[in-house]
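Engineer: Take a look at this one; I'll ask things after.
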Amino acid sequence: MAVLEGLKTPEFQALRWLEAPLASREVLSLAHDPAHVALVLDRFGPAAAATGMVQIEMDTVMSPGSAEAALRAAGACVAAVDLVVAGGARNAFCAIRPPGHHAEKIQSMGFCLFNNLAVGALHARARHGFRRVAVVDFDVHHGNGTQDIFWNDPDLFYASSHEFPLYPGTGSASETGVAGNIVNAPLPPGGGSAEFRNAFETRIFPELAAFAPEFVFISAGFDGHLADPLADLRLDAADFAWATAGLCRIAAESAGGRVVSALEGGYDLEALRRSSAAHVRALMEA
């Protein structure tokens, strides 16, 4: 609700609001093994509906509404791709829960059931023919799931700035993928605007521009904010807006401005409200 409250103000009255559809099993299987999709939807989902809660792993549980929420979260990213490709919007922000970037090809983890943006990115390829697709992630935690799904395909690019060391323990600079298509820019605990912007200016922006993506996706996690309780970066809303603007500039150069962003982490509600508003403002100005 904090995100929605921040966006339902006069400043954002031009936004077009759409309800997220349910993702199909077929589209989920672009990023996940079909057996994993079936496990979540046919075993864990019904068990949660019957008992009230099912624990999948240490940090991931399902409640009775989780399966539908996860299907709509992935479905939002798919629908956003279709909308942008059709010219219905220059770019799109998916205000969704649960988040997705920790969900690996065969494993739900870290509050994430399905990898929403990986599903959207691979849908952009399968449905619309975009070959070179990029996801850039500024959540405070490394998106091990997106890295796992993208690792072996040189035409899929994943870049992440994140506090390191921190959960889930992946994301060192030495993790580079099958063809240098993975770019990790770890930040030290206590790092702030200077370290964050330097990582983008010296690593992520140049590598993304060199990759020349045809579609850009943003894993927009706001838990690197200095007020957030889950980690120790010291960013503020202006940093997220700055990174968003830079990513949109690169998308304008090689991807026709096509950008789809999806909410990842963010656990201080006021910081989440301000940061998501700053992010959407930058998207609107692109």
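Naming scheme: A, B, ... for chains in displayed order of the structure tokens; residues 1 onward per chain; ligands 1 onward as shown.
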Mind checking DSSP for range 45-281 of chain A and telling me the strand (DSSP E or B) residues as a ChimeraX atom specification?
Structural biologist: /A:54-57,60-62,91-94,104,107,109,112,133-137,156-163,182-187,192,215-220,225,234-235,259-263
Engineer: Which residues in range 154-209 of chain A does DSSP call helix (DSSP H, G or I)? List them as a PDB file with C-alpha atoms, in the first residue's frame.
Structural biologist:
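So out.pdb came out as:
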ATOM      1  CA  SER A 193      25.725   7.472  -2.872  1.00  0.00           C
ATOM      2  CA  ALA A 194      29.370   7.822  -3.941  1.00  0.00           C
ATOM      3  CA  GLU A 195      30.011   4.085  -4.046  1.00  0.00           C
ATOM      4  CA  PHE A 196      26.669   3.331  -5.686  1.00  0.00           C
ATOM      5  CA  ARG A 197      27.028   5.916  -8.423  1.00  0.00           C
ATOM      6  CA  ASN A 198      30.640   4.976  -9.052  1.00  0.00           C
ATOM      7  CA  ALA A 199      29.601   1.343  -9.572  1.00  0.00           C
ATOM      8  CA  PHE A 200      27.069   2.397 -12.173  1.00  0.00           C
ATOM      9  CA  GLU A 201      29.315   4.911 -13.911  1.00  0.00           C
ATOM     10  CA  THR A 202      32.389   2.678 -14.132  1.00  0.00           C
ATOM     11  CA  ARG A 203      30.846  -0.796 -14.485  1.00  0.00           C
ATOM     12  CA  ILE A 204      27.151  -1.123 -15.078  1.00  0.00           C
ATOM     13  CA  PHE A 205      26.384   1.734 -17.489  1.00  0.00           C
ATOM     14  CA  PRO A 206      29.405   1.050 -19.763  1.00  0.00           C
ATOM     15  CA  GLU A 207      28.822  -2.716 -19.826  1.00  0.00           C
ATOM     16  CA  LEU A 208      25.113  -2.304 -20.513  1.00  0.00           C
ATOM     17  CA  ALA A 209      25.759   0.194 -23.310  1.00  0.00           C
TER      18      ALA A 209
END
Engineer: Any idea what's packed within 8 Å of Val84 in chain A, counting only C-alpha atoms, ignoring anything in its chain fewer than 4 positions away? Could you give it as a ChimeraX atom specification?
Structural biologist: /A:80,88-92,258-260
Engineer: Which residue gives the smallest distance to Ala118 in chain A among A:Leu41, A:Val136, A:Leu15, A:Ala49, with only C-alpha atoms counted?
Structural biologist: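 Selected residue with least distance to Ala118 in chain A: A:Val136.
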Engineer: For a quick check of understanding, using only C-alpha atoms, which of A:Gly100, A:Asp155, A:Ala251, A:Gly110 has the smallest distance to Met58 in chain A?
Structural biologist: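 Closest residue, counting only C-alpha atoms: A:Gly110.
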Engineer: Just want the 8 Å neighbourhood of Ser161 in chain A, counted on only C-alpha atoms, with same-chain residues fewer than 6 positions away dropped. Output as a count of residues only.
Structural biologist: 12
Engineer: Which value, in Å to one decimal, gives the distance between CA of Ile96 in chain A and CA of Ser254 in chain A?
Structural biologist: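 Computing it gives 27.1 Å between the two atoms.
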